[in-house]
file input_33.csv (CSV, C-alpha atoms)
chain,number,residue,atom,x,y,z
A,1,MET,CA,-40.9,-2.4,7.7
A,2,PRO,CA,-39.5,0.9,6.3
A,3,GLY,CA,-35.9,1.3,7.3
A,4,SER,CA,-35.3,-2.3,8.3
A,5,GLU,CA,-33.7,-3.2,5.0
A,6,THR,CA,-31.0,-0.5,5.5
A,7,ALA,CA,-30.1,-1.5,9.1
A,8,VAL,CA,-26.5,-2.4,9.5
A,9,SER,CA,-26.4,-3.3,13.2
A,10,ASP,CA,-26.3,-6.9,14.4
A,11,GLN,CA,-28.7,-6.0,17.1
A,12,PRO,CA,-32.4,-6.7,16.5
A,13,GLN,CA,-34.5,-3.7,15.4
A,14,ARG,CA,-35.9,-1.9,18.4
A,15,ILE,CA,-39.7,-1.9,18.7
A,16,ILE,CA,-41.8,0.9,20.1
A,17,LEU,CA,-45.6,1.2,20.6
A,18,ILE,CA,-46.8,4.8,20.4
A,19,THR,CA,-50.4,5.9,21.2
A,20,GLY,CA,-52.2,8.9,19.8
A,21,CYS,CA,-50.5,8.9,16.4
A,22,SER,CA,-53.3,10.5,14.4
A,23,SER,CA,-51.8,14.0,14.8
A,24,GLY,CA,-49.5,16.2,16.9
A,25,ILE,CA,-46.8,14.7,19.1
A,26,GLY,CA,-47.7,11.1,18.4
A,27,ARG,CA,-47.6,11.5,14.7
A,28,ALA,CA,-44.3,13.4,14.8
A,29,ALA,CA,-42.8,10.8,17.1
A,30,ALA,CA,-43.9,7.9,14.8
A,31,HIS,CA,-42.3,9.4,11.8
A,32,ALA,CA,-39.1,10.6,13.5
A,33,LEU,CA,-38.4,7.2,15.2
A,34,ARG,CA,-39.1,5.3,12.0
A,35,GLY,CA,-36.4,7.4,10.5
A,36,ARG,CA,-34.1,6.3,13.3
A,37,ASP,CA,-34.7,2.7,12.4
A,38,TRP,CA,-37.2,1.9,15.1
A,39,ARG,CA,-39.9,-0.5,14.3
A,40,VAL,CA,-42.8,1.8,15.1
A,41,ILE,CA,-46.3,0.4,16.0
A,42,ALA,CA,-48.6,3.4,15.8
A,43,THR,CA,-52.0,3.4,17.3
A,44,ALA,CA,-55.0,5.8,17.1
A,45,ARG,CA,-58.5,6.1,18.6
A,46,ALA,CA,-60.4,6.1,15.3
A,47,GLN,CA,-60.2,3.3,12.8
A,48,ALA,CA,-60.1,5.8,9.9
A,49,ASP,CA,-56.9,7.2,11.4
A,50,VAL,CA,-55.5,3.7,11.7
A,51,GLU,CA,-56.1,3.1,8.0
A,52,ILE,CA,-54.3,6.4,7.2
A,53,LEU,CA,-51.3,5.3,9.3
A,54,ARG,CA,-51.3,1.9,7.5
A,55,ASP,CA,-51.3,3.7,4.2
A,56,LYS,CA,-48.2,5.5,5.3
A,57,GLY,CA,-46.5,2.2,5.9
A,58,PHE,CA,-46.9,1.9,9.7
A,59,GLU,CA,-48.1,-1.2,11.6
A,60,SER,CA,-51.2,0.2,13.2
A,61,PHE,CA,-54.0,-0.8,15.5
A,62,ARG,CA,-57.0,0.9,17.0
A,63,LEU,CA,-56.4,1.8,20.6
A,64,ASP,CA,-58.8,4.1,22.5
A,65,TYR,CA,-57.8,4.8,26.2
A,66,GLU,CA,-61.5,5.1,27.0
A,67,ASP,CA,-62.2,1.6,25.6
A,68,GLU,CA,-60.5,-1.1,27.7
A,69,ASP,CA,-61.3,-3.8,25.2
A,70,SER,CA,-59.5,-1.9,22.5
A,71,ILE,CA,-56.4,-1.5,24.8
A,72,THR,CA,-56.2,-5.2,25.6
A,73,ALA,CA,-56.8,-6.3,22.0
A,74,ALA,CA,-54.2,-3.9,20.7
A,75,ALA,CA,-51.6,-4.9,23.3
A,76,SER,CA,-52.2,-8.6,22.5
A,77,ALA,CA,-52.0,-8.1,18.8
A,78,VAL,CA,-48.7,-6.1,19.1
A,79,LEU,CA,-47.0,-8.7,21.4
A,80,GLU,CA,-48.2,-11.6,19.1
A,81,ARG,CA,-46.8,-9.8,16.1
A,82,THR,CA,-43.4,-9.1,17.8
A,83,GLY,CA,-43.0,-12.5,19.3
A,84,GLY,CA,-43.6,-11.1,22.8
A,85,ARG,CA,-41.0,-8.4,22.6
A,86,LEU,CA,-41.4,-4.7,23.1
A,87,ASP,CA,-38.5,-2.3,23.8
A,88,ALA,CA,-40.5,0.9,24.5
A,89,LEU,CA,-43.9,2.3,25.1
A,90,PHE,CA,-44.7,6.0,24.6
A,91,ASN,CA,-48.0,6.8,26.3
A,92,ASN,CA,-49.3,9.9,24.6
A,93,GLY,CA,-52.6,11.4,23.7
A,94,ALA,CA,-54.9,13.2,26.1
A,95,TYR,CA,-57.5,15.9,26.1
A,96,ALA,CA,-58.7,18.8,28.2
A,97,ILE,CA,-62.1,20.1,29.2
A,98,PRO,CA,-61.6,23.7,30.1
A,99,GLY,CA,-63.7,25.2,32.8
A,100,ALA,CA,-64.0,25.6,36.6
A,101,LEU,CA,-64.2,22.4,38.5
A,102,GLU,CA,-67.5,23.3,40.0
A,103,ASP,CA,-69.0,23.5,36.5
A,104,LEU,CA,-67.6,20.2,35.4
A,105,PRO,CA,-70.1,17.2,35.5
A,106,THR,CA,-68.7,14.2,37.2
A,107,ALA,CA,-69.4,12.0,34.2
A,108,ALA,CA,-67.2,14.2,32.1
A,109,LEU,CA,-64.4,14.1,34.7
A,110,ARG,CA,-64.6,10.3,34.8
A,111,GLY,CA,-64.4,10.0,31.0
A,112,LEU,CA,-61.4,12.4,31.0
A,113,PHE,CA,-59.6,10.3,33.6
A,114,GLU,CA,-60.2,7.1,31.6
A,115,ALA,CA,-58.6,8.8,28.6
A,116,ASN,CA,-55.8,10.6,30.4
A,117,PHE,CA,-54.8,8.2,33.2
A,118,ILE,CA,-56.8,4.9,33.7
A,119,GLY,CA,-56.3,3.8,30.1
A,120,TRP,CA,-52.6,4.5,30.4
A,121,HIS,CA,-52.4,2.2,33.4
A,122,THR,CA,-54.3,-0.6,31.6
A,123,LEU,CA,-51.9,-0.4,28.6
A,124,THR,CA,-48.8,-0.2,30.8
A,125,ARG,CA,-49.9,-3.3,32.8
A,126,ALA,CA,-50.5,-5.1,29.5
A,127,ILE,CA,-47.0,-4.6,28.1
A,128,LEU,CA,-44.9,-4.5,31.3
A,129,PRO,CA,-44.6,-8.3,31.7
A,130,ALA,CA,-42.9,-8.5,28.2
A,131,MET,CA,-40.4,-5.9,29.2
A,132,LEU,CA,-39.7,-7.5,32.6
A,133,ALA,CA,-39.1,-10.9,30.8
A,134,GLU,CA,-36.5,-9.2,28.6
A,135,GLY,CA,-34.9,-7.4,31.5
A,136,GLN,CA,-35.0,-4.1,29.7
A,137,GLY,CA,-37.4,-1.5,28.4
A,138,ARG,CA,-38.4,2.2,28.3
A,139,ILE,CA,-41.8,3.6,29.4
A,140,VAL,CA,-42.1,7.3,28.5
A,141,GLN,CA,-45.2,9.2,29.7
A,142,CYS,CA,-46.2,12.5,28.0
A,143,SER,CA,-47.2,14.7,30.9
A,144,SER,CA,-47.4,18.5,30.9
A,145,ILE,CA,-46.4,21.7,32.7
A,146,LEU,CA,-49.9,21.3,34.1
A,147,GLY,CA,-48.7,18.1,35.7
A,148,PHE,CA,-46.9,20.1,38.4
A,149,ILE,CA,-48.5,23.6,38.0
A,150,GLY,CA,-52.2,24.0,39.0
A,151,MET,CA,-54.0,26.6,37.0
A,152,PRO,CA,-57.6,28.0,37.2
A,153,TYR,CA,-60.1,26.7,34.7
A,154,ARG,CA,-57.8,23.8,33.8
A,155,GLY,CA,-58.6,21.6,36.8
A,156,ALA,CA,-59.7,18.5,35.0
A,157,TYR,CA,-56.6,18.3,32.9
A,158,ASN,CA,-54.4,19.3,35.9
A,159,ALA,CA,-55.8,16.5,38.1
A,160,SER,CA,-55.2,13.9,35.4
A,161,LYS,CA,-51.6,15.0,34.8
A,162,PHE,CA,-50.9,15.4,38.5
A,163,ALA,CA,-52.1,11.8,38.9
A,164,LEU,CA,-49.8,10.7,36.0
A,165,GLU,CA,-46.8,12.3,37.7
A,166,GLY,CA,-47.4,10.5,40.9
A,167,TYR,CA,-48.1,7.2,39.1
A,168,SER,CA,-44.9,7.5,37.1
A,169,ASP,CA,-42.7,8.4,40.0
A,170,THR,CA,-44.0,5.4,41.9
A,171,LEU,CA,-43.6,3.1,38.9
A,172,ARG,CA,-40.0,4.3,38.4
A,173,LEU,CA,-39.2,3.4,42.0
A,174,GLU,CA,-40.9,0.0,41.8
A,175,LEU,CA,-39.0,-0.9,38.6
A,176,ALA,CA,-35.6,0.1,39.9
A,177,GLY,CA,-33.1,-2.7,39.1
A,178,THR,CA,-35.3,-4.4,36.5
A,179,GLY,CA,-33.8,-2.7,33.5
A,180,VAL,CA,-37.1,-1.0,32.7
A,181,HIS,CA,-36.8,2.8,32.9
A,182,VAL,CA,-39.7,5.3,33.3
A,183,SER,CA,-39.4,8.9,32.1
A,184,LEU,CA,-41.9,11.8,32.1
A,185,ILE,CA,-41.9,14.4,29.4
A,186,GLU,CA,-43.4,17.7,30.5
A,187,PRO,CA,-44.2,20.0,27.6
A,188,GLY,CA,-45.5,23.5,27.8
A,189,PRO,CA,-47.3,25.0,24.8
A,190,ILE,CA,-46.8,22.9,21.7
A,191,ALA,CA,-48.3,23.6,18.3
A,192,THR,CA,-50.9,20.8,18.0
A,193,ARG,CA,-54.7,20.6,17.8
A,194,PHE,CA,-54.9,20.5,21.6
A,195,THR,CA,-56.5,23.9,22.0
A,196,GLU,CA,-58.9,23.3,19.1
A,197,ASN,CA,-60.0,20.0,20.7
A,198,ALA,CA,-60.3,21.6,24.1
A,199,LEU,CA,-62.6,24.3,22.8
A,200,ALA,CA,-64.8,21.6,21.2
A,201,ASN,CA,-64.9,19.7,24.5
A,202,PHE,CA,-65.9,22.8,26.4
A,203,GLU,CA,-68.8,23.5,24.1
A,204,ARG,CA,-69.8,19.8,24.3
A,205,VAL,CA,-69.6,19.5,28.1
A,206,ILE,CA,-70.5,23.0,29.4
A,207,GLY,CA,-71.8,24.9,26.5
A,208,PRO,CA,-74.0,28.0,26.4
A,209,GLU,CA,-76.3,26.8,29.2
A,210,GLY,CA,-73.3,26.2,31.5
A,211,ILE,CA,-71.9,29.6,30.7
A,212,ALA,CA,-75.2,31.3,31.5
A,213,SER,CA,-75.5,29.6,34.9
A,214,SER,CA,-71.9,29.8,36.0
A,215,ARG,CA,-70.5,32.5,38.2
A,216,PHE,CA,-67.5,32.4,35.8
A,217,GLY,CA,-69.6,33.1,32.7
A,218,ALA,CA,-68.0,36.4,31.8
A,219,ILE,CA,-64.5,34.9,32.2
A,220,TYR,CA,-65.6,32.0,30.0
A,221,GLU,CA,-66.8,34.3,27.2
A,222,ARG,CA,-63.5,36.2,27.2
A,223,ARG,CA,-61.4,33.1,27.3
A,224,LEU,CA,-63.4,31.4,24.5
A,225,ALA,CA,-63.0,34.5,22.3
A,226,ARG,CA,-59.2,34.2,22.8
A,227,MET,CA,-59.2,30.5,22.0
A,228,ARG,CA,-61.3,30.9,18.9
A,229,ALA,CA,-59.0,33.7,17.7
A,230,GLY,CA,-56.1,31.4,18.0
A,231,GLU,CA,-53.8,34.0,19.4
A,232,PRO,CA,-50.2,32.9,18.9
A,233,SER,CA,-48.0,32.2,21.9
A,234,PRO,CA,-44.4,33.4,21.7
A,235,PHE,CA,-43.3,30.3,23.6
A,236,LYS,CA,-45.1,27.7,21.6
A,237,LEU,CA,-42.8,25.1,20.0
A,238,PRO,CA,-43.4,22.5,17.3
A,239,ALA,CA,-44.0,18.8,18.2
A,240,SER,CA,-40.4,18.1,17.1
A,241,ALA,CA,-39.2,19.7,20.4
A,242,VAL,CA,-41.0,17.0,22.3
A,243,VAL,CA,-39.7,14.3,20.0
A,244,LYS,CA,-36.1,15.4,20.6
A,245,GLN,CA,-36.5,14.7,24.3
A,246,LEU,CA,-38.3,11.5,23.6
A,247,VAL,CA,-35.3,10.2,21.6
A,248,HIS,CA,-33.0,10.9,24.5
A,249,ALA,CA,-35.4,9.1,26.9
A,250,LEU,CA,-35.5,6.1,24.6
A,251,GLU,CA,-31.9,5.9,23.4
A,252,ALA,CA,-29.7,7.4,26.2
A,253,PRO,CA,-27.9,4.8,28.4
A,254,ARG,CA,-29.1,6.8,31.4
A,255,PRO,CA,-32.5,8.3,30.6
A,256,ARG,CA,-33.6,11.2,32.8
A,257,PRO,CA,-36.7,10.9,35.1
A,258,ARG,CA,-38.0,14.2,33.7
A,259,TYR,CA,-37.7,16.2,30.5
A,260,ARG,CA,-39.1,19.7,30.5
A,261,VAL,CA,-39.9,21.2,27.2
A,262,THR,CA,-40.5,24.9,26.4
A,263,LEU,CA,-39.3,28.0,28.4
A,264,PRO,CA,-42.4,28.4,30.5
A,265,THR,CA,-42.1,24.8,31.8
A,266,LYS,CA,-38.5,25.3,32.8
A,267,VAL,CA,-39.1,28.7,34.4
A,268,MET,CA,-42.2,27.7,36.3
A,269,ALA,CA,-40.5,24.6,37.7
A,270,THR,CA,-37.8,26.8,39.1
A,271,VAL,CA,-40.2,29.4,40.5
A,272,LYS,CA,-42.3,26.7,42.2
A,273,ARG,CA,-39.3,25.3,43.8
A,274,LEU,CA,-38.1,28.7,45.2
A,275,LEU,CA,-41.4,30.4,46.2
A,276,PRO,CA,-43.6,29.6,49.2
A,277,THR,CA,-47.0,28.2,48.3
A,278,ARG,CA,-48.9,31.5,48.9
A,279,ALA,CA,-46.4,33.5,46.9
A,280,PHE,CA,-46.6,31.0,44.1
A,281,ASP,CA,-50.4,31.0,44.2
A,282,HIS,CA,-50.2,34.8,43.7
A,283,VAL,CA,-48.0,34.3,40.6
A,284,LEU,CA,-50.5,31.8,39.2
A,285,ARG,CA,-53.5,34.0,39.8
A,286,ARG,CA,-51.8,36.9,38.1
A,287,ALA,CA,-51.0,34.7,35.1
A,288,ALA,CA,-54.6,33.5,34.9
A,289,ARG,CA,-55.9,37.1,34.9
A,290,THR,CA,-53.8,37.9,31.9
A,291,GLU,CA,-55.8,35.3,30.0
A,292,GLU,CA,-59.2,36.6,31.2
call {"tool": "encode", "arguments": {"input": "input_33.csv", "output": "structure tokens"}}
result
Amino acid sequence: MPGSETAVSDQPQRIILITGCSSGIGRAAAHALRGRDWRVIATARAQADVEILRDKGFESFRLDYEDEDSITAAASAVLERTGGRLDALFNNGAYAIPGALEDLPTAALRGLFEANFIGWHTLTRAILPAMLAEGQGRIVQCSSILGFIGMPYRGAYNASKFALEGYSDTLRLELAGTGVHVSLIEPGPIATRFTENALANFERVIGPEGIASSRFGAIYERRLARMRAGEPSPFKLPASAVVKQLVHALEAPRPRPRYRVTLPTKVMATVKRLLPTRAFDHVLRRAARTEE
């Protein structure tokens, strides 16, 4: 593996499994950690992306959170290759379907939850016994500002990330004293293909017919125009900002339960803590109107 021949520590090379490595945060994390002498096993949903990762020198497997067979096969292959040892898991890679909840078909919500939540549970369960057997490990979950802030027209993604937050808090409590630590990373706006993919999902799931029949049709049209224009956010940070927090969650002796990335995430966490619910709802409605 790249980097292993230069390692000078007597300790065995640390091993991490990262999902969603075809682009964005996952890809940035894979490259950064390999540079820190981690043995990085990078996965992706599409086999074509797996081949690209392999060409770049990564051990790589196909893993699609919506395909349980691919999860169990990848986990088994990884543990077989590592002799049953895994030091860390970075659950990453999720998508959004913008739109009001009343316009979202149930099947679309079910698929999103498979990709953003259920599949994460399947993978976590598959690798957790290896960590417990070693008496140590790190599980890092890539959540979002939308994991603790509900926003209009983002309900599907909100719900999946709120679920992940509750899941991770519970898992952290249940693993106390085992040597396995659980951390959440909560990014705000990050420069990835997330918005581009969300736009494609909206057009696939709701589309022109859904816009025409929705009471939010005019709002959708304005929001779609903004998304297509790719208006820059003054608060958007590169994926490396998330990776910086990931490194601390993986390597610090006492990893934090939560890492908040970007100014909006930090500010909104404070505002939510200080304001009553009705006042906070008013803040969120005003924020949503600026996007309409």
call {"tool": "atom_distance", "arguments": {"input": "input_33.csv", "atom1": "CA of Arg285 (chain A)", "atom2": "CA of Ala212 (chain A)"}}
result
23.4 Å
call {"tool": "residues_around", "arguments": {"input": "input_33.csv", "residues": "Ser240 (chain A)", "least_positions_apart": "3", "cutoff": "9 Å", "atoms": "all atoms listed in the file", "output": "list in words"}}
result
Ile25, Ala28, Ala29, Ala32, Leu237, Val243, Lys244 and Gln245 of chain A
call {"tool": "atom_distance", "arguments": {"input": "input_33.csv", "atom1": "CA of Arg223 (chain A)", "atom2": "CA of Gly99 (chain A)"}}
result
9.9 Å
call {"tool": "closest_atom_pairs", "arguments": {"input": "input_33.csv", "of": "region 115-182 of chain A", "to": "region 43-62 of chain A", "cutoff": "12 Å", "atoms": "only C-alpha atoms", "output": "tab-separated table"}}
result
residue	atom	partner	partner_atom	distance
A:Ala115	CA	A:Arg45	CA	10.4
A:Gly119	CA	A:Arg45	CA	11.9
A:Leu123	CA	A:Thr43	CA	11.9
call {"tool": "closest_residue", "arguments": {"input": "input_33.csv", "among": "A:Val40, A:Leu250, A:Leu199, A:Ala156", "to": "His181 (chain A)", "atoms": "all atoms listed in the file"}}
result
A:Leu250
call {"tool": "residues_around", "arguments": {"input": "input_33.csv", "residues": "Val247 (chain A)", "least_positions_apart": "4", "cutoff": "12 Å", "atoms": "all atoms listed in the file", "output": "PyMOL selection string"}}
result
chain A and resi 16+28-30+32-38+88+90+138+140+183+185+240-243+251-253+255-256+259
call {"tool": "closest_residue", "arguments": {"input": "input_33.csv", "among": "A:Val180, A:Ile149, A:Ala133, A:Ile211", "to": "Leu284 (chain A)", "atoms": "all atoms listed in the file"}}
result
A:Ile149
call {"tool": "residues_around", "arguments": {"input": "input_33.csv", "residues": "Ala269 (chain A)", "least_positions_apart": "6", "cutoff": "9 Å", "atoms": "only C-alpha atoms", "output": "PDB file with C-alpha atoms, in the coordinates of the input"}}
result
ATOM      1  CA  ILE A 145     -46.400  21.700  32.700  1.00  0.00           C
ATOM      2  CA  PHE A 148     -46.900  20.100  38.400  1.00  0.00           C
ATOM      3  CA  ILE A 149     -48.500  23.600  38.000  1.00  0.00           C
ATOM      4  CA  ARG A 260     -39.100  19.700  30.500  1.00  0.00           C
TER       5      ARG A 260
END
call {"tool": "closest_residue", "arguments": {"input": "input_33.csv", "among": "A:Thr122, A:Thr277, A:Ser143, A:Asn201", "to": "Gly188 (chain A)", "atoms": "only C-alpha atoms"}}
result
A:Ser143
call {"tool": "build_atoms", "arguments": {"input": "input_33.csv", "residues": "region 163-187 of chain A", "atoms": "N, CA, C and O atoms", "output": "PDB file, keeping the file's coordinate frame"}}
result
ATOM      1  N   ALA A 163     -51.992  13.213  38.613  1.00  0.00           N
ATOM      2  CA  ALA A 163     -52.100  11.800  38.900  1.00  0.00           C
ATOM      3  C   ALA A 163     -51.035  11.004  38.124  1.00  0.00           C
ATOM      4  O   ALA A 163     -50.386  10.092  38.667  1.00  0.00           O
ATOM      5  N   LEU A 164     -50.844  11.354  36.864  1.00  0.00           N
ATOM      6  CA  LEU A 164     -49.800  10.700  36.000  1.00  0.00           C
ATOM      7  C   LEU A 164     -48.436  10.872  36.596  1.00  0.00           C
ATOM      8  O   LEU A 164     -47.612   9.946  36.577  1.00  0.00           O
ATOM      9  N   GLU A 165     -48.155  12.059  37.089  1.00  0.00           N
ATOM     10  CA  GLU A 165     -46.800  12.300  37.700  1.00  0.00           C
ATOM     11  C   GLU A 165     -46.575  11.433  38.875  1.00  0.00           C
ATOM     12  O   GLU A 165     -45.511  10.809  38.999  1.00  0.00           O
ATOM     13  N   GLY A 166     -47.538  11.356  39.776  1.00  0.00           N
ATOM     14  CA  GLY A 166     -47.400  10.500  40.900  1.00  0.00           C
ATOM     15  C   GLY A 166     -47.270   9.032  40.576  1.00  0.00           C
ATOM     16  O   GLY A 166     -46.461   8.285  41.148  1.00  0.00           O
ATOM     17  N   TYR A 167     -48.088   8.623  39.632  1.00  0.00           N
ATOM     18  CA  TYR A 167     -48.100   7.200  39.100  1.00  0.00           C
ATOM     19  C   TYR A 167     -46.688   6.897  38.576  1.00  0.00           C
ATOM     20  O   TYR A 167     -46.100   5.853  38.886  1.00  0.00           O
ATOM     21  N   SER A 168     -46.160   7.786  37.740  1.00  0.00           N
ATOM     22  CA  SER A 168     -44.900   7.500  37.100  1.00  0.00           C
ATOM     23  C   SER A 168     -43.725   7.521  38.025  1.00  0.00           C
ATOM     24  O   SER A 168     -42.788   6.716  37.894  1.00  0.00           O
ATOM     25  N   ASP A 169     -43.753   8.430  38.996  1.00  0.00           N
ATOM     26  CA  ASP A 169     -42.700   8.400  40.000  1.00  0.00           C
ATOM     27  C   ASP A 169     -42.689   7.126  40.789  1.00  0.00           C
ATOM     28  O   ASP A 169     -41.630   6.540  41.049  1.00  0.00           O
ATOM     29  N   THR A 170     -43.875   6.666  41.165  1.00  0.00           N
ATOM     30  CA  THR A 170     -44.000   5.400  41.900  1.00  0.00           C
ATOM     31  C   THR A 170     -43.523   4.230  41.050  1.00  0.00           C
ATOM     32  O   THR A 170     -42.775   3.347  41.509  1.00  0.00           O
ATOM     33  N   LEU A 171     -43.967   4.200  39.800  1.00  0.00           N
ATOM     34  CA  LEU A 171     -43.600   3.100  38.900  1.00  0.00           C
ATOM     35  C   LEU A 171     -42.089   3.068  38.709  1.00  0.00           C
ATOM     36  O   LEU A 171     -41.483   1.982  38.680  1.00  0.00           O
ATOM     37  N   ARG A 172     -41.475   4.231  38.584  1.00  0.00           N
ATOM     38  CA  ARG A 172     -40.000   4.300  38.400  1.00  0.00           C
ATOM     39  C   ARG A 172     -39.307   3.655  39.606  1.00  0.00           C
ATOM     40  O   ARG A 172     -38.341   2.902  39.448  1.00  0.00           O
ATOM     41  N   LEU A 173     -39.780   3.948  40.812  1.00  0.00           N
ATOM     42  CA  LEU A 173     -39.200   3.400  42.000  1.00  0.00           C
ATOM     43  C   LEU A 173     -39.388   1.873  42.085  1.00  0.00           C
ATOM     44  O   LEU A 173     -38.479   1.122  42.459  1.00  0.00           O
ATOM     45  N   GLU A 174     -40.583   1.435  41.732  1.00  0.00           N
ATOM     46  CA  GLU A 174     -40.900   0.000  41.800  1.00  0.00           C
ATOM     47  C   GLU A 174     -40.144  -0.819  40.779  1.00  0.00           C
ATOM     48  O   GLU A 174     -39.917  -2.014  40.984  1.00  0.00           O
ATOM     49  N   LEU A 175     -39.751  -0.168  39.664  1.00  0.00           N
ATOM     50  CA  LEU A 175     -39.000  -0.900  38.600  1.00  0.00           C
ATOM     51  C   LEU A 175     -37.526  -0.746  38.704  1.00  0.00           C
ATOM     52  O   LEU A 175     -36.804  -1.276  37.846  1.00  0.00           O
ATOM     53  N   ALA A 176     -37.055  -0.081  39.732  1.00  0.00           N
ATOM     54  CA  ALA A 176     -35.600   0.100  39.900  1.00  0.00           C
ATOM     55  C   ALA A 176     -34.920  -1.269  39.942  1.00  0.00           C
ATOM     56  O   ALA A 176     -35.347  -2.176  40.652  1.00  0.00           O
ATOM     57  N   GLY A 177     -33.867  -1.407  39.148  1.00  0.00           N
ATOM     58  CA  GLY A 177     -33.100  -2.700  39.100  1.00  0.00           C
ATOM     59  C   GLY A 177     -33.606  -3.695  38.158  1.00  0.00           C
ATOM     60  O   GLY A 177     -32.969  -4.741  37.991  1.00  0.00           O
ATOM     61  N   THR A 178     -34.728  -3.430  37.480  1.00  0.00           N
ATOM     62  CA  THR A 178     -35.300  -4.400  36.500  1.00  0.00           C
ATOM     63  C   THR A 178     -34.767  -4.209  35.115  1.00  0.00           C
ATOM     64  O   THR A 178     -34.966  -5.070  34.256  1.00  0.00           O
ATOM     65  N   GLY A 179     -34.167  -3.042  34.852  1.00  0.00           N
ATOM     66  CA  GLY A 179     -33.800  -2.700  33.500  1.00  0.00           C
ATOM     67  C   GLY A 179     -34.841  -1.949  32.726  1.00  0.00           C
ATOM     68  O   GLY A 179     -34.618  -1.539  31.586  1.00  0.00           O
ATOM     69  N   VAL A 180     -36.006  -1.752  33.342  1.00  0.00           N
ATOM     70  CA  VAL A 180     -37.100  -1.000  32.700  1.00  0.00           C
ATOM     71  C   VAL A 180     -37.071   0.422  33.323  1.00  0.00           C
ATOM     72  O   VAL A 180     -37.195   0.590  34.540  1.00  0.00           O
ATOM     73  N   HIS A 181     -36.901   1.422  32.471  1.00  0.00           N
ATOM     74  CA  HIS A 181     -36.800   2.800  32.900  1.00  0.00           C
ATOM     75  C   HIS A 181     -38.085   3.568  32.598  1.00  0.00           C
ATOM     76  O   HIS A 181     -38.709   3.347  31.557  1.00  0.00           O
ATOM     77  N   VAL A 182     -38.439   4.474  33.488  1.00  0.00           N
ATOM     78  CA  VAL A 182     -39.700   5.300  33.300  1.00  0.00           C
ATOM     79  C   VAL A 182     -39.260   6.753  33.288  1.00  0.00           C
ATOM     80  O   VAL A 182     -38.543   7.236  34.175  1.00  0.00           O
ATOM     81  N   SER A 183     -39.718   7.463  32.269  1.00  0.00           N
ATOM     82  CA  SER A 183     -39.400   8.900  32.100  1.00  0.00           C
ATOM     83  C   SER A 183     -40.723   9.656  31.877  1.00  0.00           C
ATOM     84  O   SER A 183     -41.647   9.141  31.233  1.00  0.00           O
ATOM     85  N   LEU A 184     -40.751  10.879  32.370  1.00  0.00           N
ATOM     86  CA  LEU A 184     -41.900  11.800  32.100  1.00  0.00           C
ATOM     87  C   LEU A 184     -41.356  12.923  31.192  1.00  0.00           C
ATOM     88  O   LEU A 184     -40.270  13.475  31.404  1.00  0.00           O
ATOM     89  N   ILE A 185     -42.142  13.248  30.189  1.00  0.00           N
ATOM     90  CA  ILE A 185     -41.900  14.400  29.400  1.00  0.00           C
ATOM     91  C   ILE A 185     -42.960  15.463  29.741  1.00  0.00           C
ATOM     92  O   ILE A 185     -44.156  15.152  29.731  1.00  0.00           O
ATOM     93  N   GLU A 186     -42.513  16.681  30.065  1.00  0.00           N
ATOM     94  CA  GLU A 186     -43.400  17.700  30.500  1.00  0.00           C
ATOM     95  C   GLU A 186     -43.402  18.915  29.579  1.00  0.00           C
ATOM     96  O   GLU A 186     -42.688  19.891  29.794  1.00  0.00           O
ATOM     97  N   PRO A 187     -44.196  18.855  28.509  1.00  0.00           N
ATOM     98  CA  PRO A 187     -44.200  20.000  27.600  1.00  0.00           C
ATOM     99  C   PRO A 187     -45.013  21.155  28.122  1.00  0.00           C
ATOM    100  O   PRO A 187     -45.935  20.999  28.925  1.00  0.00           O
TER     101      PRO A 187
END
